[in-house]
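So this block is final_25.cif, mmCIF, C-alpha atoms (C1' of nucleotides):
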```
data_model
loop_
_atom_site.label_atom_id
_atom_site.label_comp_id
_atom_site.auth_asym_id
_atom_site.auth_seq_id
_atom_site.Cartn_x
_atom_site.Cartn_y
_atom_site.Cartn_z
CA MET T 1 47.75 35.52 -101.69
CA GLY T 2 48.20 33.69 -98.47
CA ASP T 3 51.02 35.98 -97.51
CA ASP T 4 50.43 35.61 -93.82
CA ILE T 5 50.46 31.84 -93.72
CA ARG T 6 53.87 31.61 -95.19
CA GLU T 7 56.28 29.79 -92.97
CA LYS T 8 59.07 31.47 -91.17
CA HIS T 9 62.24 31.16 -93.24
CA ASP T 10 59.90 30.36 -96.15
CA GLY T 11 59.88 26.73 -95.17
CA ALA T 12 61.58 25.45 -98.26
CA LEU T 13 65.24 24.67 -98.18
CA ALA T 14 65.48 24.49 -94.42
CA GLY T 15 67.54 21.53 -93.41
CA ARG T 16 66.42 19.19 -90.73
CA LEU T 17 63.05 17.55 -90.78
CA ASP T 18 62.37 18.19 -87.11
CA VAL T 19 63.01 21.90 -87.57
CA ARG T 20 60.76 22.01 -90.62
CA VAL T 21 57.99 20.28 -88.69
CA LEU T 22 58.37 22.75 -85.86
CA LEU T 23 58.24 25.77 -88.13
CA ARG T 24 55.13 24.48 -89.81
CA LEU T 25 53.53 23.69 -86.46
CA LEU T 26 54.21 27.14 -85.10
CA SER T 27 53.04 28.75 -88.30
CA CYS T 28 49.71 26.90 -88.20
CA SER T 29 48.96 27.57 -84.60
CA MET T 30 50.04 31.18 -84.78
CA THR T 31 47.83 31.81 -87.78
CA ILE T 32 44.85 30.14 -86.17
CA GLU T 33 45.39 31.91 -82.89
CA LYS T 34 45.64 35.31 -84.51
CA ARG T 35 42.54 34.75 -86.52
CA LEU T 36 40.52 33.62 -83.51
CA ARG T 37 41.82 36.53 -81.50
CA ARG T 38 40.85 39.02 -84.17
CA ARG T 39 37.37 37.58 -84.62
CA PHE T 40 36.68 37.48 -80.90
CA ALA T 41 37.75 41.09 -80.65
CA ASP T 42 35.81 42.25 -83.72
CA GLN T 43 32.60 40.36 -83.18
CA PHE T 44 32.33 40.02 -79.42
CA GLY T 45 34.71 42.56 -77.92
CA THR T 46 36.46 39.89 -75.94
CA THR T 47 39.75 38.02 -76.04
CA LEU T 48 40.88 34.47 -76.57
CA PRO T 49 42.30 34.10 -73.05
CA ARG T 50 39.01 35.25 -71.54
CA PHE T 51 37.22 32.69 -73.69
CA ASP T 52 39.63 30.04 -72.47
CA VAL T 53 38.80 30.89 -68.87
CA LEU T 54 35.07 30.66 -69.53
CA ALA T 55 35.53 27.38 -71.38
CA ALA T 56 37.48 25.87 -68.52
CA LEU T 57 34.83 26.94 -66.04
CA ASP T 58 32.08 25.67 -68.30
CA ARG T 59 33.66 22.27 -68.20
CA HIS T 60 34.03 22.39 -64.43
CA ARG T 61 30.68 23.55 -63.18
CA ASP T 62 31.71 23.04 -59.57
CA GLY T 63 34.42 25.68 -60.07
CA LEU T 64 38.18 25.84 -60.31
CA THR T 65 40.76 27.53 -58.14
CA LEU T 66 42.86 30.28 -59.69
CA GLY T 67 45.89 28.03 -59.49
CA ASP T 68 44.04 25.30 -61.40
CA LEU T 69 43.16 27.83 -64.07
CA SER T 70 46.71 29.08 -64.30
CA ARG T 71 48.03 25.58 -64.84
CA ALA T 72 45.26 24.50 -67.19
CA LEU T 73 45.55 27.54 -69.43
CA LEU T 74 49.33 27.85 -69.32
CA VAL T 75 49.22 31.46 -68.20
CA SER T 76 50.81 33.10 -65.20
CA ASN T 77 49.10 33.48 -61.86
CA GLY T 78 49.05 37.23 -62.11
CA ASN T 79 47.34 37.04 -65.43
CA VAL T 80 44.62 34.80 -64.05
CA THR T 81 44.08 37.25 -61.22
CA MET T 82 43.50 40.06 -63.69
CA MET T 83 41.19 38.13 -66.00
CA ILE T 84 39.12 36.79 -63.12
CA ARG T 85 38.71 40.28 -61.80
CA GLN T 86 37.48 41.54 -65.16
CA LEU T 87 35.15 38.63 -65.74
CA GLU T 88 33.71 39.06 -62.28
CA ALA T 89 33.18 42.77 -62.91
CA ASP T 90 31.34 41.81 -66.10
CA GLY T 91 29.12 39.50 -64.10
CA PHE T 92 30.20 36.35 -65.91
CA ILE T 93 31.77 34.58 -62.97
CA ALA T 94 31.52 34.58 -59.20
CA THR T 95 34.31 33.83 -56.76
CA ARG T 96 34.41 32.54 -53.21
CA SER T 97 37.18 31.43 -50.93
CA THR T 98 37.09 27.88 -49.69
CA PRO T 99 36.38 27.29 -46.01
CA GLU T 100 39.04 24.59 -45.73
CA ASP T 101 41.80 26.81 -47.06
CA ARG T 102 41.06 30.48 -47.06
CA ARG T 103 43.96 31.27 -49.32
CA ARG T 104 42.18 29.58 -52.20
CA THR T 105 39.76 31.34 -54.48
CA VAL T 106 37.29 29.26 -56.46
CA ALA T 107 35.71 30.73 -59.56
CA VAL T 108 32.41 29.53 -61.03
CA LEU T 109 30.34 30.62 -64.00
CA THR T 110 27.22 32.65 -63.29
CA ASP T 111 24.08 32.11 -65.34
CA ALA T 112 24.98 35.16 -67.38
CA GLY T 113 28.45 33.69 -67.84
CA GLN T 114 27.03 30.42 -69.08
CA ALA T 115 24.82 32.20 -71.56
CA HIS T 116 27.70 34.38 -72.72
CA PHE T 117 29.96 31.40 -73.12
CA ALA T 118 27.33 29.48 -75.10
CA GLU T 119 27.21 32.32 -77.59
CA LEU T 120 30.98 32.55 -77.89
CA ALA T 121 31.37 28.79 -78.14
CA ALA T 122 28.93 28.54 -81.01
CA ALA T 123 30.90 31.08 -83.01
CA HIS T 124 34.18 29.46 -82.00
CA HIS T 125 33.00 26.05 -83.18
CA ALA T 126 31.79 27.45 -86.46
CA TRP T 127 35.12 29.19 -87.08
CA ILE T 128 37.09 26.08 -86.32
CA GLY T 129 34.82 23.96 -88.44
CA LYS T 130 35.57 26.23 -91.38
CA MET T 131 39.28 26.29 -90.75
CA PHE T 132 39.45 22.51 -90.66
CA SER T 133 36.86 21.94 -93.35
CA ASN T 134 39.34 20.68 -95.92
CA MET T 135 40.62 17.98 -93.59
CA SER T 136 38.99 14.55 -93.69
CA GLU T 137 38.01 12.83 -90.48
CA ARG T 138 40.77 10.36 -91.18
CA ASP T 139 43.30 13.19 -91.43
CA LEU T 140 42.04 14.75 -88.24
CA THR T 141 42.36 11.50 -86.35
CA ALA T 142 45.85 10.90 -87.65
CA LEU T 143 46.86 14.44 -86.75
CA TYR T 144 45.33 14.06 -83.31
CA ASP T 145 47.36 10.92 -82.66
CA LEU T 146 50.60 12.36 -83.95
CA LEU T 147 50.19 15.42 -81.78
CA ALA T 148 49.67 13.12 -78.81
CA ALA T 149 52.98 11.46 -79.63
CA LEU T 150 54.66 14.83 -79.97
CA LYS T 151 53.26 15.94 -76.66
CA LEU T 152 54.71 12.86 -75.01
CA SER T 153 58.06 13.52 -76.62
CA ILE T 154 58.05 17.09 -75.43
CA GLY T 155 57.10 15.97 -71.96
CA ALA T 156 59.96 13.51 -71.87
CA ASP T 157 62.37 16.30 -72.75
CA GLU T 158 61.05 18.42 -69.92
CA GLU T 159 61.47 15.66 -67.35
CA GLU T 160 65.03 15.16 -68.46
CA GLN T 161 65.95 18.79 -67.83
CA LYS T 162 65.17 18.63 -64.14
CA MET F 1 54.53 16.02 -63.20
CA GLY F 2 53.86 17.33 -66.68
CA ASP F 3 51.49 19.89 -65.26
CA ASP F 4 52.28 22.45 -67.89
CA ILE F 5 51.62 20.31 -70.91
CA ARG F 6 48.11 19.53 -69.96
CA GLU F 7 45.61 20.58 -72.55
CA LYS F 8 43.24 23.42 -72.08
CA HIS F 9 39.94 22.06 -70.81
CA ASP F 10 41.92 18.95 -69.89
CA GLY F 11 41.48 17.59 -73.37
CA ALA F 12 39.33 14.66 -72.41
CA LEU F 13 35.59 14.85 -72.78
CA ALA F 14 35.62 17.76 -75.19
CA GLY F 15 33.24 17.09 -77.98
CA ARG F 16 34.16 17.71 -81.55
CA LEU F 17 37.23 16.20 -83.08
CA ASP F 18 38.29 19.39 -84.82
CA VAL F 19 38.18 21.28 -81.54
CA ARG F 20 40.19 18.59 -79.80
CA VAL F 21 42.79 18.67 -82.54
CA LEU F 22 43.03 22.42 -82.25
CA LEU F 23 43.44 22.36 -78.48
CA ARG F 24 46.17 19.80 -78.76
CA LEU F 25 47.88 21.75 -81.52
CA LEU F 26 47.84 24.96 -79.53
CA SER F 27 49.01 23.17 -76.42
CA CYS F 28 52.01 21.64 -78.21
CA SER F 29 53.13 24.79 -79.88
CA MET F 30 52.62 26.93 -76.83
CA THR F 31 54.65 24.56 -74.69
CA ILE F 32 57.46 24.39 -77.24
CA GLU F 33 57.45 28.13 -77.75
CA LYS F 34 57.61 28.87 -74.05
CA ARG F 35 60.43 26.44 -73.52
CA LEU F 36 62.47 27.88 -76.38
CA ARG F 37 61.80 31.38 -75.18
CA ARG F 38 62.94 30.56 -71.66
CA ARG F 39 66.11 28.81 -72.81
CA PHE F 40 67.06 31.60 -75.18
CA ALA F 41 66.59 34.08 -72.36
CA ASP F 42 68.44 32.03 -69.77
CA GLN F 43 71.36 30.84 -71.84
CA PHE F 44 71.86 33.59 -74.38
CA GLY F 45 70.05 36.65 -73.08
CA THR F 46 68.05 36.93 -76.25
CA THR F 47 64.51 36.28 -77.42
CA LEU F 48 62.81 33.95 -79.85
CA PRO F 49 61.62 36.74 -82.15
CA ARG F 50 65.17 38.10 -82.39
CA PHE F 51 66.36 34.62 -83.28
CA ASP F 52 63.66 34.41 -85.92
CA VAL F 53 64.90 37.63 -87.48
CA LEU F 54 68.48 36.40 -87.56
CA ALA F 55 67.38 33.07 -89.02
CA ALA F 56 65.44 34.76 -91.78
CA LEU F 57 68.42 36.95 -92.64
CA ASP F 58 70.77 33.99 -92.50
CA ARG F 59 68.67 32.31 -95.15
CA HIS F 60 68.64 35.44 -97.29
CA ARG F 61 72.20 36.59 -97.40
CA ASP F 62 71.37 39.32 -99.89
CA GLY F 63 69.09 40.88 -97.31
CA LEU F 64 65.39 41.35 -96.71
CA THR F 65 63.26 44.46 -96.47
CA LEU F 66 61.52 45.18 -93.20
CA GLY F 67 58.19 44.47 -94.85
CA ASP F 68 59.46 41.07 -96.00
CA LEU F 69 60.50 40.31 -92.45
CA SER F 70 57.17 41.41 -91.05
CA ARG F 71 55.29 39.12 -93.40
CA ALA F 72 57.67 36.20 -93.05
CA LEU F 73 57.68 36.26 -89.26
CA LEU F 74 54.00 37.12 -88.80
CA VAL F 75 54.79 40.11 -86.60
CA SER F 76 53.70 43.70 -87.00
CA ASN F 77 55.70 46.30 -88.86
CA GLY F 78 56.32 48.31 -85.73
CA ASN F 79 57.72 45.30 -84.02
CA VAL F 80 60.15 44.65 -86.84
CA THR F 81 61.28 48.26 -86.66
CA MET F 82 62.10 47.85 -82.96
CA MET F 83 63.91 44.54 -83.30
CA ILE F 84 65.94 45.71 -86.25
CA ARG F 85 67.00 48.77 -84.31
CA GLN F 86 68.14 46.64 -81.38
CA LEU F 87 69.93 44.11 -83.53
CA GLU F 88 71.69 46.89 -85.37
CA ALA F 89 72.74 48.49 -82.09
CA ASP F 90 74.17 45.11 -81.08
CA GLY F 91 76.15 44.99 -84.31
CA PHE F 92 74.44 41.86 -85.62
CA ILE F 93 72.85 43.41 -88.66
CA ALA F 94 73.37 46.36 -90.96
CA THR F 95 70.72 48.29 -92.82
CA ARG F 96 70.68 50.36 -95.98
CA SER F 97 67.95 51.94 -98.03
CA THR F 98 67.58 50.82 -101.59
CA PRO F 99 68.45 53.29 -104.35
CA GLU F 100 65.45 52.30 -106.46
CA ASP F 101 62.96 52.94 -103.66
CA ARG F 102 64.22 55.04 -100.79
CA ARG F 103 61.29 54.12 -98.59
CA ARG F 104 62.62 50.59 -98.33
CA THR F 105 65.11 49.47 -95.76
CA VAL F 106 67.06 46.30 -96.40
CA ALA F 107 68.62 44.44 -93.49
CA VAL F 108 71.58 42.08 -93.80
CA LEU F 109 73.56 40.04 -91.29
CA THR F 110 76.98 41.31 -90.35
CA ASP F 111 79.85 38.89 -89.80
CA ALA F 112 79.27 39.20 -86.08
CA GLY F 113 75.62 38.51 -86.68
CA GLN F 114 76.40 35.37 -88.64
CA ALA F 115 78.66 34.10 -85.90
CA HIS F 116 76.07 34.91 -83.25
CA PHE F 117 73.36 33.19 -85.21
CA ALA F 118 75.48 30.10 -85.74
CA GLU F 119 75.86 29.75 -82.00
CA LEU F 120 72.16 30.23 -81.35
CA ALA F 121 71.17 27.90 -84.16
CA ALA F 122 73.32 25.09 -82.81
CA ALA F 123 71.59 25.28 -79.44
CA HIS F 124 68.21 25.65 -81.09
CA HIS F 125 68.74 22.54 -83.19
CA ALA F 126 69.88 20.55 -80.19
CA TRP F 127 66.82 21.59 -78.19
CA ILE F 128 64.46 20.69 -80.98
CA GLY F 129 66.20 17.40 -81.57
CA LYS F 130 65.58 16.51 -77.93
CA MET F 131 61.99 17.63 -77.97
CA PHE F 132 61.24 15.53 -81.04
CA SER F 133 63.50 12.65 -80.10
CA ASN F 134 60.65 10.24 -79.36
CA MET F 135 59.16 10.74 -82.81
CA SER F 136 60.22 8.40 -85.61
CA GLU F 137 61.17 9.82 -88.97
CA ARG F 138 58.02 8.23 -90.31
CA ASP F 139 55.93 10.08 -87.72
CA LEU F 140 57.67 13.33 -88.47
CA THR F 141 57.01 13.00 -92.16
CA ALA F 142 53.37 12.15 -91.59
CA LEU F 143 52.99 15.10 -89.24
CA TYR F 144 54.71 17.38 -91.72
CA ASP F 145 52.28 16.38 -94.45
CA LEU F 146 49.21 16.69 -92.26
CA LEU F 147 50.26 20.15 -91.17
CA ALA F 148 50.64 21.10 -94.81
CA ALA F 149 47.05 19.99 -95.39
CA LEU F 150 45.91 21.94 -92.36
CA LYS F 151 47.71 25.01 -93.58
CA LEU F 152 45.93 24.75 -96.90
CA SER F 153 42.61 24.36 -95.15
CA ILE F 154 43.27 27.41 -93.02
CA GLY F 155 44.30 29.37 -96.07
CA ALA F 156 41.11 28.44 -97.87
CA ASP F 157 39.10 29.76 -94.92
CA GLU F 158 40.96 33.05 -95.06
CA GLU F 159 40.32 33.52 -98.76
CA GLU F 160 36.66 32.93 -98.22
CA GLN F 161 36.38 35.69 -95.63
CA LYS F 162 37.39 38.42 -98.04
"C1'" DT H 1 53.16 68.88 -114.34
"C1'" DA H 2 49.75 68.17 -110.67
"C1'" DC H 3 47.33 65.42 -107.80
"C1'" DA H 4 45.20 61.37 -105.78
"C1'" DT H 5 46.35 56.99 -104.34
"C1'" DA H 6 49.29 53.42 -102.76
"C1'" DT H 7 53.24 51.74 -100.39
"C1'" DG H 8 57.02 51.26 -96.78
"C1'" DC H 9 58.27 52.33 -92.52
"C1'" DT H 10 57.90 54.74 -87.80
"C1'" DT H 11 55.63 56.46 -83.88
"C1'" DT H 12 52.23 56.25 -80.33
"C1'" DA H 13 49.02 54.54 -77.07
"C1'" DA H 14 47.12 50.75 -75.18
"C1'" DG H 15 46.74 46.16 -73.68
"C1'" DC H 16 48.71 41.70 -72.56
"C1'" DT H 17 52.02 38.73 -70.29
"C1'" DT H 18 55.46 37.52 -67.39
"C1'" DA H 19 58.94 37.02 -63.54
"C1'" DA H 20 59.91 38.35 -59.20
"C1'" DA H 21 58.82 40.20 -54.92
"C1'" DG H 22 55.34 40.43 -51.45
"C1'" DC H 23 51.43 39.14 -48.51
"C1'" DA H 24 48.31 35.94 -46.21
"C1'" DA H 25 47.18 31.43 -44.71
"C1'" DT H 26 48.54 26.74 -43.84
"C1'" DT H 27 51.47 22.92 -42.63
"C1'" DG H 28 54.82 20.35 -40.25
"C1'" DG H 29 58.12 19.72 -37.26
"C1'" DA H 30 60.93 21.07 -32.73
"C1'" DT Z 1 53.19 26.14 -28.58
"C1'" DC Z 2 56.30 28.28 -31.74
"C1'" DC Z 3 58.49 29.00 -35.87
"C1'" DA Z 4 60.26 27.83 -40.36
"C1'" DA Z 5 58.90 26.34 -44.73
"C1'" DT Z 6 55.30 25.92 -48.03
"C1'" DT Z 7 51.39 27.20 -50.68
"C1'" DG Z 8 47.92 30.32 -53.01
"C1'" DC Z 9 47.18 34.55 -54.66
"C1'" DT Z 10 48.35 39.62 -55.62
"C1'" DT Z 11 51.18 43.39 -56.81
"C1'" DT Z 12 54.79 45.54 -59.37
"C1'" DA Z 13 57.96 46.58 -62.95
"C1'" DA Z 14 59.37 45.54 -67.24
"C1'" DG Z 15 59.13 43.98 -71.82
"C1'" DC Z 16 56.57 42.58 -75.87
"C1'" DT Z 17 53.04 43.15 -79.31
"C1'" DT Z 18 49.69 45.29 -81.75
"C1'" DA Z 19 46.47 48.58 -84.21
"C1'" DA Z 20 46.06 52.95 -85.74
"C1'" DA Z 21 47.72 57.24 -86.98
"C1'" DG Z 22 51.45 59.64 -89.18
"C1'" DC Z 23 55.27 60.62 -92.36
"C1'" DA Z 24 57.97 60.07 -96.52
"C1'" DT Z 25 58.35 58.27 -101.00
"C1'" DA Z 26 56.61 56.34 -105.23
"C1'" DT Z 27 53.15 55.44 -108.84
"C1'" DG Z 28 49.56 56.25 -112.01
"C1'" DT Z 29 46.54 59.33 -114.42
"C1'" DA Z 30 44.89 63.36 -116.33
#
```
Will you turn the file into structure tokens for me?
Amino acid sequence: MGDDIREKHDGALAGRLDVRVLLRLLSCSMTIEKRLRRRFADQFGTTLPRFDVLAALDRHRDGLTLGDLSRALLVSNGNVTMMIRQLEADGFIATRSTPEDRRRTVAVLTDAGQAHFAELAAAHHAWIGKMFSNMSERDLTALYDLLAALKLSIGADEEEQK
Amino acid sequence: MGDDIREKHDGALAGRLDVRVLLRLLSCSMTIEKRLRRRFADQFGTTLPRFDVLAALDRHRDGLTLGDLSRALLVSNGNVTMMIRQLEADGFIATRSTPEDRRRTVAVLTDAGQAHFAELAAAHHAWIGKMFSNMSERDLTALYDLLAALKLSIGADEEEQK
DNA sequence: TACATATGCTTTAAGCTTAAAGCAATTGGA
DNA sequence: TCCAATTGCTTTAAGCTTAAAGCATATGTA
């Protein structure tokens, strides 16, 4: 049981604490991501990245440029181009180029896109609620704060490399 | 600055705590994973999954079957087959089929593979040390424990789905 | 033994993602 | 004005990953 949430290297006698934390972190997020991906595919015929695009646009009703999306979602420009094209073909988003800079393309949700996203988001929230259901609110808050600290630490490392 | 460690949906006004925790979790692990992947490619001409295979074999000197590797690393069987073939061609691992079950293939590190892994692991540890350097040991321990709880919670969700 | 089922691995086809090169539009000096 | 550098997006080529089908071997049962 639970074969696929075992940690890489089995997680046990690994040496350093930071490495053990990392392995556990990657294991958790990979498991969650795979599960979400599978459920989106099975139940809605869509993908997690497409959902991410819709979610970003849902939170920015005035639209986002493709570059904004690429940076926000941590995916490459080319990938955004492809997803936007598909989502537009499906009628979920509309695009226009800005008058002040005609290189830019702004994407916005259509009404159909908003409705579609609402449906996906409801399922997404339910899934996540289940996955986190054994965690107390106190645990969640603590985890949230620690991840903020980790994010800062990672960011500091990146700055240093430049 | 820090553009690529921004959270999906910008992380701010998102509603539910569990969703915010998830977004932050995915953001952290994706950023770390990408950075490791890039450094392995740039500095050693290898990939993170290949490193994961070597690490697993380094921790199991008596060898692992391909199925064991697939489950431990959370990658598909076909993927393991490909990586093993490459690593064997590079001389880093050797394979044999077991006498008791000739369907099984066991992979073990060669001496060259051990040396190669040692080099990669040293860099890997240094990178992780830097990325986590702003986290206190206390923080790391707390994070480690919370991730264990999360993992349990995720596992419980999986069981339920069957 | 015979046969159905299960297991371990491999192949195949398809999709996803990226880096790098390329194109179009803009900006900022000479 | 002109032109180089920059910026935003698109295309291309390559690699990675997976699910599903396929093959070989093993197991259990009659």
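Interatomic distance, atom CA of F:Gly63 to atom C1' of H:DG8: 15.9 Å.
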Please tabulate, as a tab-separated table, the residues of chain Z that come within 12 Å of stretch 30-51 of chain F, each with its closest pair of atoms and the distance in Å to one decimal, counting all atoms listed in the file and ordering rows by chain, then residue number upward.
```
residue	atom	partner	partner_atom	distance
Z:DG15	C1'	F:Thr47	CA	10.9
Z:DC16	C1'	F:Pro49	CA	10.0
Z:DT17	C1'	F:Pro49	CA	11.1
```
* Asked: How many Å lie between atom C1' of Z:DT1 and atom C1' of H:DG28, rounded to one decimal?
  -> 13.1 Å
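Residues lying within 10 Å of T:Ile154, counting only C-alpha atoms (C1' of nucleotides) and ignoring same-chain neighbours fewer than 2 positions away, are Ala148, Ala149, Leu150, Lys151, Leu152, Ala156, Asp157, Glu158 and Glu159 of chain T; Gly2, Ile5, Cys28, Thr31, Ile32, Arg35, Ile128, Lys130, Met131, Phe132, Ser133, Asn134 and Met135 of chain F.
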* Expected answer as an MDAnalysis selection string: chain Z residues within 10 Å of chain F, all atoms listed in the file -> chainID Z and resid 16:19 24:26
* Of the candidates F:Leu109, F:Leu66, F:Val21, F:Leu54, which one gets nearest to chain T if we count all atoms listed in the file? -> F:Val21
* To do: Give as a ChimeraX atom specification the residues that the PyMOL selection byres ((chain H) within 12 of (chain T)) matches when applied to the coordinates above.
  => /H:15-20,23-27
* Structure fact -> Students should find that atom CA of F:Ala118 and atom CA of F:Leu69 are spaced 19.3 Å
